[in-house]
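Notes to accompany the following structure.
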Amino acid sequence: MKQIIENVKQTIAQKKILWAYPIAKKLQNYSYILAIKWAIECIQIYSSEMKSDKFYQLDKYIQQLMEEQNVLTPSQCLEISQEIWYLPEREEVQTAIARLWGSISAFKYAEEDGEVHGGVMESTAAVELVLPDISGLSFTRSISRSCCKNL
């Protein structure tokens, strides 16, 4: 896992896309819930740094995600994703939260058909969408700590 974190740090420094994929994939191998929790932490870190009013309006969806993701069907998760997606005055954090709900839907469908790639890609997109200056070292350390503390 340490090697993955080092690879991610190098990728971030090079400003490559899909740098979050290996983290989301590795966490998903343990449990898709870990990938979701990590993505939530990244969104919360971003939102605290950016002081997004939209995040505070959408926090109820994060709370619902953490409380109800295990009891909702894939279709219900997808409905919530679309509800968030089509809210007015979209910001990056809104799209990221909608993608998180989409990733839960995809992960839940994967439990039936075994295809996890869609869930990993959606959680990856959610994280990468809300990143501030990706060359920022403090954010890189926060991401690494978030990932490692769950394992």
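Ligands are numbered from 1 in the order shown, residues from 1 within each chain, and chains are lettered A, B, ... in the order they appear in the structure tokens.
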### Task
Tell me which protein, DNA and RNA residues are within 8 Å of region 54-67 of chain A, counting only C-alpha atoms, leaving out same-chain ones fewer than 2 positions away, and put them as number ranges by chain.
A: 40, 47, 52, 69-70, 91, 93-94, 97, 101
### Near-Ser75 (chain A) list (7 Å; only C-alpha atoms; drop same-chain fewer than 3 positions) as a PyMOL selection string
chain A and resi 78-79+105
### Task
Kindly indicate which residue among A:Ser48, A:Thr95, A:Gln3, A:Gln28 lies nearest to Gly118 (chain A), using only C-alpha atoms for the distances.
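Checking each of A:Ser48, A:Thr95, A:Gln3, A:Gln28 against Gly118 (chain A), counting only C-alpha atoms, the winner is A:Gln28.
For Thr124 (chain A), the set of protein, DNA and RNA residues having any atom at most 7 Å away, when counting only C-alpha atoms and skipping those fewer than 3 positions along the same chain, is A:Leu18, A:Ala20, A:Tyr21, A:Ala24, A:Val120, A:Met121, A:Val127, A:Glu128.
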### Query
Can you tell me how far CA of Val71 (chain A) sits from CA of Glu41 (chain A), in Å to one decimal?
21.4 Å
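Between CA of Ala106 (chain A) and CA of Pro74 (chain A) the separation is 7.1 Å.
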### Query
In terms of the shortest atom-to-atom distance over only C-alpha atoms, which of A:Ile36, A:Val130, A:Met50, A:Ile84 is closest to Leu100 (chain A)?
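Counting only C-alpha atoms, the residue closest to Leu100 (chain A) is A:Ile36.
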